[in-house]
>>> print(open('run-v7.pdb').read())   # PDB, C-alpha atoms
ATOM      1  CA  GLN A 744      16.295 -12.132  -8.243
ATOM      2  CA  VAL A 745      12.812 -12.021  -6.770
ATOM      3  CA  GLN A 746      11.012 -15.019  -5.310
ATOM      4  CA  LEU A 747       7.252 -15.053  -4.832
ATOM      5  CA  VAL A 748       5.369 -17.583  -2.726
ATOM      6  CA  GLU A 749       1.562 -17.645  -2.746
ATOM      7  CA  SER A 750      -0.627 -19.114  -0.042
ATOM      8  CA  GLY A 751      -4.234 -19.071   1.091
ATOM      9  CA  GLY A 752      -5.949 -20.978  -1.671
ATOM     10  CA  GLY A 753      -8.445 -23.728  -1.030
ATOM     11  CA  LEU A 754     -11.974 -24.995  -1.474
ATOM     12  CA  VAL A 755     -14.845 -22.686  -0.584
ATOM     13  CA  GLN A 756     -18.562 -22.593  -1.243
ATOM     14  CA  ALA A 757     -20.098 -20.000  -3.508
ATOM     15  CA  GLY A 758     -20.619 -16.762  -1.624
ATOM     16  CA  GLY A 759     -17.677 -17.442   0.651
ATOM     17  CA  SER A 760     -14.379 -15.633   1.073
ATOM     18  CA  LEU A 761     -10.677 -16.351   0.862
ATOM     19  CA  ARG A 762      -7.588 -14.207   1.302
ATOM     20  CA  LEU A 763      -4.566 -14.980  -0.802
ATOM     21  CA  SER A 764      -1.113 -13.885   0.268
ATOM     22  CA  CYS A 765       2.061 -13.497  -1.756
ATOM     23  CA  ALA A 766       5.315 -13.224   0.160
ATOM     24  CA  ALA A 767       8.152 -11.658  -1.791
ATOM     25  CA  SER A 768      11.887 -11.407  -1.497
ATOM     26  CA  GLY A 769      13.957  -8.576  -2.894
ATOM     27  CA  ARG A 770      15.386  -5.398  -1.415
ATOM     28  CA  THR A 771      13.305  -3.037  -3.529
ATOM     29  CA  PHE A 772       9.906  -4.680  -3.069
ATOM     30  CA  SER A 773       8.242  -1.383  -2.223
ATOM     31  CA  SER A 774       8.951  -0.065  -5.730
ATOM     32  CA  TYR A 775       7.527  -3.098  -7.538
ATOM     33  CA  ALA A 776       4.167  -3.161  -9.189
ATOM     34  CA  MET A 777       2.498  -6.361  -8.013
ATOM     35  CA  GLY A 778      -0.245  -8.235  -9.761
ATOM     36  CA  TRP A 779      -2.582 -11.165  -9.388
ATOM     37  CA  PHE A 780      -3.537 -13.282 -12.376
ATOM     38  CA  ARG A 781      -5.566 -16.455 -12.682
ATOM     39  CA  GLN A 782      -5.828 -19.322 -15.082
ATOM     40  CA  ALA A 783      -8.774 -21.690 -15.299
ATOM     41  CA  PRO A 784      -8.494 -25.075 -17.030
ATOM     42  CA  GLY A 785      -8.493 -24.683 -20.790
ATOM     43  CA  LYS A 786      -8.374 -20.898 -20.602
ATOM     44  CA  GLU A 787      -5.681 -18.271 -20.956
ATOM     45  CA  ARG A 788      -4.161 -16.551 -17.967
ATOM     46  CA  GLU A 789      -6.131 -13.424 -17.143
ATOM     47  CA  PHE A 790      -5.517 -10.283 -15.164
ATOM     48  CA  VAL A 791      -7.259 -10.006 -11.802
ATOM     49  CA  ALA A 792      -5.749  -7.043  -9.963
ATOM     50  CA  ALA A 793      -2.592  -4.972  -9.568
ATOM     51  CA  ILE A 794      -1.133  -2.485  -7.138
ATOM     52  CA  LYS A 795       1.626   0.113  -7.229
ATOM     53  CA  ALA A 796       2.864   2.106  -4.253
ATOM     54  CA  ILE A 797       2.768   5.834  -5.044
ATOM     55  CA  SER A 798       3.900   7.097  -1.651
ATOM     56  CA  LYS A 799       4.908   5.735   1.723
ATOM     57  CA  SER A 800       1.267   5.638   2.754
ATOM     58  CA  GLY A 801      -0.636   5.246  -0.486
ATOM     59  CA  SER A 802      -1.033   2.886  -3.403
ATOM     60  CA  ARG A 803      -2.825   2.878  -6.719
ATOM     61  CA  THR A 804      -4.937  -0.202  -7.398
ATOM     62  CA  TYR A 805      -6.515  -1.766 -10.447
ATOM     63  CA  HIS A 806      -9.119  -4.511 -10.614
ATOM     64  CA  ALA A 807     -10.572  -6.435 -13.533
ATOM     65  CA  ASP A 808     -14.213  -5.686 -14.223
ATOM     66  CA  SER A 809     -15.119  -9.292 -13.417
ATOM     67  CA  VAL A 810     -13.934  -8.902  -9.824
ATOM     68  CA  LYS A 811     -14.640  -5.245  -9.053
ATOM     69  CA  GLY A 812     -16.607  -4.862  -5.855
ATOM     70  CA  ARG A 813     -15.751  -8.418  -4.770
ATOM     71  CA  PHE A 814     -11.937  -8.631  -4.734
ATOM     72  CA  THR A 815      -9.495  -6.183  -3.185
ATOM     73  CA  ILE A 816      -5.745  -6.084  -3.665
ATOM     74  CA  SER A 817      -3.523  -4.591  -0.977
ATOM     75  CA  ARG A 818       0.097  -4.659   0.085
ATOM     76  CA  ASP A 819       2.188  -4.411   3.224
ATOM     77  CA  ASN A 820       5.646  -3.224   2.259
ATOM     78  CA  ALA A 821       7.046  -3.832   5.739
ATOM     79  CA  LYS A 822       6.052  -7.492   5.450
ATOM     80  CA  MET A 823       6.914  -7.613   1.736
ATOM     81  CA  THR A 824       3.542  -9.176   1.098
ATOM     82  CA  VAL A 825       0.670  -8.521  -1.265
ATOM     83  CA  TYR A 826      -2.835  -9.754  -0.568
ATOM     84  CA  LEU A 827      -5.950 -10.524  -2.543
ATOM     85  CA  GLN A 828      -9.108 -10.469  -0.466
ATOM     86  CA  MET A 829     -11.797 -12.365  -2.353
ATOM     87  CA  ASN A 830     -15.419 -12.046  -1.235
ATOM     88  CA  SER A 831     -18.689 -13.249  -2.734
ATOM     89  CA  LEU A 832     -16.841 -15.955  -4.601
ATOM     90  CA  LYS A 833     -18.472 -17.572  -7.603
ATOM     91  CA  PRO A 834     -17.829 -20.940  -9.276
ATOM     92  CA  GLU A 835     -16.370 -19.062 -12.251
ATOM     93  CA  ASP A 836     -13.623 -17.733  -9.971
ATOM     94  CA  THR A 837     -12.217 -21.256  -9.823
ATOM     95  CA  ALA A 838      -8.645 -21.127 -11.120
ATOM     96  CA  VAL A 839      -5.002 -21.250 -10.212
ATOM     97  CA  TYR A 840      -4.095 -17.807  -8.916
ATOM     98  CA  TYR A 841      -0.630 -16.431  -9.575
ATOM     99  CA  CYS A 842       1.230 -13.557  -8.004
ATOM    100  CA  ALA A 843       3.529 -11.513 -10.239
ATOM    101  CA  ALA A 844       6.064  -8.743  -9.760
ATOM    102  CA  ARG A 845       7.224  -6.029 -12.114
ATOM    103  CA  ALA A 846      10.724  -4.933 -11.166
ATOM    104  CA  SER A 847      10.772  -1.690 -13.166
ATOM    105  CA  PRO A 848      10.713   1.460 -11.006
ATOM    106  CA  ASN A 849       8.465   3.420 -13.385
ATOM    107  CA  ASP A 850       4.808   4.023 -12.681
ATOM    108  CA  TYR A 851       3.413   1.824 -15.446
ATOM    109  CA  VAL A 852       1.174  -0.944 -14.103
ATOM    110  CA  PRO A 853       0.414  -3.455 -16.847
ATOM    111  CA  SER A 854      -2.618  -5.699 -17.037
ATOM    112  CA  SER A 855      -0.814  -8.004 -19.449
ATOM    113  CA  GLU A 856       1.124 -10.914 -18.035
ATOM    114  CA  TYR A 857       3.995  -9.948 -20.347
ATOM    115  CA  GLY A 858       4.562  -6.814 -18.294
ATOM    116  CA  TYR A 859       5.685  -8.799 -15.266
ATOM    117  CA  ASP A 860       9.129 -10.182 -14.594
ATOM    118  CA  TYR A 861       8.673 -12.674 -11.773
ATOM    119  CA  TRP A 862       5.982 -15.214 -10.970
ATOM    120  CA  GLY A 863       4.987 -17.411  -8.098
ATOM    121  CA  GLN A 864       4.096 -21.066  -8.401
ATOM    122  CA  GLY A 865       0.369 -20.461  -8.068
ATOM    123  CA  THR A 866      -2.286 -21.463  -5.574
ATOM    124  CA  GLN A 867      -5.497 -23.303  -6.395
ATOM    125  CA  VAL A 868      -8.841 -21.699  -5.624
ATOM    126  CA  THR A 869     -11.906 -23.869  -6.075
ATOM    127  CA  VAL A 870     -15.407 -22.489  -5.578
ATOM    128  CA  SER A 871     -18.196 -25.028  -5.335
ATOM    129  CA  SER A 872     -21.787 -24.254  -6.267
TER     130      SER A 872
END
>>> encode(input="run-v7.pdb", output="structure tokens")
Amino acid sequence: QVQLVESGGGLVQAGGSLRLSCAASGRTFSSYAMGWFRQAPGKEREFVAAIKAISKSGSRTYHADSVKGRFTISRDNAKMTVYLQMNSLKPEDTAVYYCAARASPNDYVPSSEYGYDYWGQGTQVTVSS
């Protein structure tokens, strides 16, 4: 069983920054693909970013087009934590942000929420104009 706990959300003005963290449990965290998704009121959950470790020192990352150049996903396997650095925030980034883990050891990194096995409770990010 994997538990995920997000933190770092809050209220920020447009143009500001936030860093979300997702602390994970589980002995094989380093092999998990990890993802961030978000869900705005009245909208479906959407992919934001994902990361998969490919070596002890390297990872492969993926970012949605809507956040490329502004958001960066990273991970610290020693701390069993994945991060989402969010810069140049816009009001349309307002949503509940969820961390997700894919427990399969293969290299596939899905952008669909159905490809992930475990989810955190979410953290609210609100960007004011």
>>> atom_distance(input="run-v7.pdb", atom1="atom CA of A:Phe772", atom2="atom CA of A:Asn820")
7.0 Å
>>> atom_distance(input="run-v7.pdb", atom1="atom CA of A:Gln744", atom2="atom CA of A:Gly801")
25.5 Å
>>> resolve_selection(input="run-v7.pdb", expression="the PyMOL selection byres ((chain A and resi 773) around 12)", output="MDAnalysis selection string")
chainID A and resid 767:772 774:777 794:802 818:825 844:848
>>> residues_around(input="run-v7.pdb", residues="stretch 803-815 of chain A", least_positions_apart="2", cutoff="9 Å", atoms="all atoms listed in the file", output="number ranges by chain")
A: 790-797, 801, 817, 826-832, 836, 852, 854
>>> write_last_selection(input="run-v7.pdb", atoms="C-alpha atoms", output="PDB file, in the coordinates of the input")
ATOM      1  CA  PHE A 790      -5.517 -10.283 -15.164  1.00  0.00           C
ATOM      2  CA  VAL A 791      -7.259 -10.006 -11.802  1.00  0.00           C
ATOM      3  CA  ALA A 792      -5.749  -7.043  -9.963  1.00  0.00           C
ATOM      4  CA  ALA A 793      -2.592  -4.972  -9.568  1.00  0.00           C
ATOM      5  CA  ILE A 794      -1.133  -2.485  -7.138  1.00  0.00           C
ATOM      6  CA  LYS A 795       1.626   0.113  -7.229  1.00  0.00           C
ATOM      7  CA  ALA A 796       2.864   2.106  -4.253  1.00  0.00           C
ATOM      8  CA  ILE A 797       2.768   5.834  -5.044  1.00  0.00           C
ATOM      9  CA  GLY A 801      -0.636   5.246  -0.486  1.00  0.00           C
ATOM     10  CA  SER A 817      -3.523  -4.591  -0.977  1.00  0.00           C
ATOM     11  CA  TYR A 826      -2.835  -9.754  -0.568  1.00  0.00           C
ATOM     12  CA  LEU A 827      -5.950 -10.524  -2.543  1.00  0.00           C
ATOM     13  CA  GLN A 828      -9.108 -10.469  -0.466  1.00  0.00           C
ATOM     14  CA  MET A 829     -11.797 -12.365  -2.353  1.00  0.00           C
ATOM     15  CA  ASN A 830     -15.419 -12.046  -1.235  1.00  0.00           C
ATOM     16  CA  SER A 831     -18.689 -13.249  -2.734  1.00  0.00           C
ATOM     17  CA  LEU A 832     -16.841 -15.955  -4.601  1.00  0.00           C
ATOM     18  CA  ASP A 836     -13.623 -17.733  -9.971  1.00  0.00           C
ATOM     19  CA  VAL A 852       1.174  -0.944 -14.103  1.00  0.00           C
ATOM     20  CA  SER A 854      -2.618  -5.699 -17.037  1.00  0.00           C
TER      21      SER A 854
END
>>> residues_around(input="run-v7.pdb", residues="A:Gly751", least_positions_apart="4", cutoff="12 Å", atoms="only C-alpha atoms", output="list in words")
Val755, Ser760, Leu761, Arg762, Leu763, Ser764, Cys765, Ala766, Val825, Tyr826, Leu827, Gln828, Met829, Val839, Tyr840, Tyr841, Cys842, Gly865, Thr866, Gln867, Val868 and Thr869 of chain A
>>> atom_distance(input="run-v7.pdb", atom1="atom CA of A:Ser750", atom2="atom CA of A:Trp862")
13.4 Å
>>> closest_residue(input="run-v7.pdb", among="A:Gln746, A:Tyr861, A:Thr837, A:Gly759", to="A:Ala783", atoms="all atoms listed in the file")
A:Thr837
>>> closest_residue(input="run-v7.pdb", among="A:Glu835, A:Trp779, A:Glu749, A:Leu754", to="A:Ser855", atoms="only C-alpha atoms")
A:Trp779
>>> closest_residue(input="run-v7.pdb", among="A:Gly753, A:Pro853, A:Leu747, A:Ala838", to="A:Arg781", atoms="only C-alpha atoms")
A:Ala838
>>> decode(input="run-v7.pdb", residues="stretch 815-843 of chain A", atoms="N, CA, C and O atoms", output="PDB file, in the first residue's frame")
ATOM      1  N   THR A 815       7.636  22.767 -13.209  1.00  0.00           N
ATOM      2  CA  THR A 815       8.691  21.761 -13.306  1.00  0.00           C
ATOM      3  C   THR A 815       8.472  20.684 -12.254  1.00  0.00           C
ATOM      4  O   THR A 815       8.366  20.999 -11.064  1.00  0.00           O
ATOM      5  N   ILE A 816       8.420  19.446 -12.707  1.00  0.00           N
ATOM      6  CA  ILE A 816       8.294  18.322 -11.782  1.00  0.00           C
ATOM      7  C   ILE A 816       9.688  17.775 -11.488  1.00  0.00           C
ATOM      8  O   ILE A 816      10.563  17.741 -12.363  1.00  0.00           O
ATOM      9  N   SER A 817       9.891  17.359 -10.248  1.00  0.00           N
ATOM     10  CA  SER A 817      11.163  16.752  -9.860  1.00  0.00           C
ATOM     11  C   SER A 817      10.899  15.771  -8.727  1.00  0.00           C
ATOM     12  O   SER A 817       9.800  15.731  -8.167  1.00  0.00           O
ATOM     13  N   ARG A 818      11.904  14.979  -8.407  1.00  0.00           N
ATOM     14  CA  ARG A 818      11.730  14.008  -7.332  1.00  0.00           C
ATOM     15  C   ARG A 818      13.035  13.850  -6.568  1.00  0.00           C
ATOM     16  O   ARG A 818      14.128  14.038  -7.114  1.00  0.00           O
ATOM     17  N   ASP A 819      12.895  13.484  -5.310  1.00  0.00           N
ATOM     18  CA  ASP A 819      14.031  13.169  -4.453  1.00  0.00           C
ATOM     19  C   ASP A 819      13.748  11.785  -3.879  1.00  0.00           C
ATOM     20  O   ASP A 819      12.955  11.651  -2.949  1.00  0.00           O
ATOM     21  N   ASN A 820      14.380  10.775  -4.453  1.00  0.00           N
ATOM     22  CA  ASN A 820      14.081   9.412  -4.027  1.00  0.00           C
ATOM     23  C   ASN A 820      14.521   9.151  -2.593  1.00  0.00           C
ATOM     24  O   ASN A 820      13.889   8.363  -1.884  1.00  0.00           O
ATOM     25  N   ALA A 821      15.579   9.797  -2.155  1.00  0.00           N
ATOM     26  CA  ALA A 821      16.035   9.605  -0.773  1.00  0.00           C
ATOM     27  C   ALA A 821      14.994  10.113   0.220  1.00  0.00           C
ATOM     28  O   ALA A 821      14.816   9.538   1.295  1.00  0.00           O
ATOM     29  N   LYS A 822      14.301  11.169  -0.147  1.00  0.00           N
ATOM     30  CA  LYS A 822      13.257  11.735   0.716  1.00  0.00           C
ATOM     31  C   LYS A 822      11.881  11.178   0.368  1.00  0.00           C
ATOM     32  O   LYS A 822      10.895  11.529   1.011  1.00  0.00           O
ATOM     33  N   MET A 823      11.815  10.357  -0.668  1.00  0.00           N
ATOM     34  CA  MET A 823      10.540   9.782  -1.115  1.00  0.00           C
ATOM     35  C   MET A 823       9.513  10.882  -1.353  1.00  0.00           C
ATOM     36  O   MET A 823       8.366  10.796  -0.903  1.00  0.00           O
ATOM     37  N   THR A 824       9.938  11.896  -2.062  1.00  0.00           N
ATOM     38  CA  THR A 824       9.097  13.063  -2.285  1.00  0.00           C
ATOM     39  C   THR A 824       9.183  13.503  -3.742  1.00  0.00           C
ATOM     40  O   THR A 824      10.259  13.452  -4.349  1.00  0.00           O
ATOM     41  N   VAL A 825       8.059  13.909  -4.270  1.00  0.00           N
ATOM     42  CA  VAL A 825       8.010  14.502  -5.603  1.00  0.00           C
ATOM     43  C   VAL A 825       7.514  15.929  -5.459  1.00  0.00           C
ATOM     44  O   VAL A 825       6.693  16.231  -4.572  1.00  0.00           O
ATOM     45  N   TYR A 826       8.039  16.800  -6.289  1.00  0.00           N
ATOM     46  CA  TYR A 826       7.743  18.227  -6.195  1.00  0.00           C
ATOM     47  C   TYR A 826       7.138  18.733  -7.495  1.00  0.00           C
ATOM     48  O   TYR A 826       7.375  18.183  -8.567  1.00  0.00           O
ATOM     49  N   LEU A 827       6.394  19.810  -7.378  1.00  0.00           N
ATOM     50  CA  LEU A 827       5.920  20.538  -8.546  1.00  0.00           C
ATOM     51  C   LEU A 827       6.188  22.014  -8.298  1.00  0.00           C
ATOM     52  O   LEU A 827       5.514  22.633  -7.480  1.00  0.00           O
ATOM     53  N   GLN A 828       7.216  22.530  -8.953  1.00  0.00           N
ATOM     54  CA  GLN A 828       7.525  23.947  -8.859  1.00  0.00           C
ATOM     55  C   GLN A 828       6.676  24.682  -9.884  1.00  0.00           C
ATOM     56  O   GLN A 828       6.739  24.391 -11.076  1.00  0.00           O
ATOM     57  N   MET A 829       5.876  25.619  -9.408  1.00  0.00           N
ATOM     58  CA  MET A 829       4.946  26.342 -10.274  1.00  0.00           C
ATOM     59  C   MET A 829       5.316  27.822 -10.272  1.00  0.00           C
ATOM     60  O   MET A 829       5.238  28.480  -9.234  1.00  0.00           O
ATOM     61  N   ASN A 830       5.725  28.316 -11.415  1.00  0.00           N
ATOM     62  CA  ASN A 830       6.084  29.729 -11.580  1.00  0.00           C
ATOM     63  C   ASN A 830       5.126  30.399 -12.551  1.00  0.00           C
ATOM     64  O   ASN A 830       4.410  29.732 -13.289  1.00  0.00           O
ATOM     65  N   SER A 831       5.132  31.713 -12.540  1.00  0.00           N
ATOM     66  CA  SER A 831       4.292  32.497 -13.453  1.00  0.00           C
ATOM     67  C   SER A 831       2.848  32.001 -13.428  1.00  0.00           C
ATOM     68  O   SER A 831       2.221  31.780 -14.474  1.00  0.00           O
ATOM     69  N   LEU A 832       2.331  31.836 -12.253  1.00  0.00           N
ATOM     70  CA  LEU A 832       0.990  31.283 -12.094  1.00  0.00           C
ATOM     71  C   LEU A 832      -0.069  32.206 -12.685  1.00  0.00           C
ATOM     72  O   LEU A 832       0.057  33.448 -12.639  1.00  0.00           O
ATOM     73  N   LYS A 833      -1.095  31.566 -13.225  1.00  0.00           N
ATOM     74  CA  LYS A 833      -2.208  32.284 -13.844  1.00  0.00           C
ATOM     75  C   LYS A 833      -3.503  31.913 -13.134  1.00  0.00           C
ATOM     76  O   LYS A 833      -3.600  30.826 -12.541  1.00  0.00           O
ATOM     77  N   PRO A 834      -4.519  32.776 -13.206  1.00  0.00           N
ATOM     78  CA  PRO A 834      -5.804  32.423 -12.577  1.00  0.00           C
ATOM     79  C   PRO A 834      -6.351  31.081 -13.066  1.00  0.00           C
ATOM     80  O   PRO A 834      -6.977  30.351 -12.285  1.00  0.00           O
ATOM     81  N   GLU A 835      -6.103  30.724 -14.308  1.00  0.00           N
ATOM     82  CA  GLU A 835      -6.599  29.457 -14.829  1.00  0.00           C
ATOM     83  C   GLU A 835      -5.863  28.244 -14.276  1.00  0.00           C
ATOM     84  O   GLU A 835      -6.252  27.108 -14.538  1.00  0.00           O
ATOM     85  N   ASP A 836      -4.820  28.457 -13.499  1.00  0.00           N
ATOM     86  CA  ASP A 836      -4.152  27.356 -12.802  1.00  0.00           C
ATOM     87  C   ASP A 836      -4.860  27.003 -11.500  1.00  0.00           C
ATOM     88  O   ASP A 836      -4.485  26.007 -10.851  1.00  0.00           O
ATOM     89  N   THR A 837      -5.852  27.785 -11.132  1.00  0.00           N
ATOM     90  CA  THR A 837      -6.610  27.509  -9.913  1.00  0.00           C
ATOM     91  C   THR A 837      -7.288  26.151  -9.994  1.00  0.00           C
ATOM     92  O   THR A 837      -8.023  25.872 -10.943  1.00  0.00           O
ATOM     93  N   ALA A 838      -7.012  25.296  -9.014  1.00  0.00           N
ATOM     94  CA  ALA A 838      -7.551  23.937  -9.011  1.00  0.00           C
ATOM     95  C   ALA A 838      -7.107  23.235  -7.737  1.00  0.00           C
ATOM     96  O   ALA A 838      -6.251  23.733  -7.002  1.00  0.00           O
ATOM     97  N   VAL A 839      -7.675  22.061  -7.527  1.00  0.00           N
ATOM     98  CA  VAL A 839      -7.131  21.143  -6.535  1.00  0.00           C
ATOM     99  C   VAL A 839      -6.091  20.291  -7.256  1.00  0.00           C
ATOM    100  O   VAL A 839      -6.376  19.709  -8.304  1.00  0.00           O
ATOM    101  N   TYR A 840      -4.901  20.255  -6.704  1.00  0.00           N
ATOM    102  CA  TYR A 840      -3.800  19.509  -7.306  1.00  0.00           C
ATOM    103  C   TYR A 840      -3.611  18.191  -6.562  1.00  0.00           C
ATOM    104  O   TYR A 840      -3.532  18.166  -5.332  1.00  0.00           O
ATOM    105  N   TYR A 841      -3.530  17.122  -7.343  1.00  0.00           N
ATOM    106  CA  TYR A 841      -3.403  15.779  -6.795  1.00  0.00           C
ATOM    107  C   TYR A 841      -2.088  15.144  -7.229  1.00  0.00           C
ATOM    108  O   TYR A 841      -1.679  15.258  -8.387  1.00  0.00           O
ATOM    109  N   CYS A 842      -1.499  14.436  -6.306  1.00  0.00           N
ATOM    110  CA  CYS A 842      -0.319  13.627  -6.576  1.00  0.00           C
ATOM    111  C   CYS A 842      -0.786  12.188  -6.809  1.00  0.00           C
ATOM    112  O   CYS A 842      -1.721  11.722  -6.154  1.00  0.00           O
ATOM    113  N   ALA A 843      -0.129  11.498  -7.726  1.00  0.00           N
ATOM    114  CA  ALA A 843      -0.507  10.123  -8.039  1.00  0.00           C
ATOM    115  C   ALA A 843       0.736   9.276  -8.247  1.00  0.00           C
ATOM    116  O   ALA A 843       1.773   9.775  -8.696  1.00  0.00           O
TER     117      ALA A 843
END
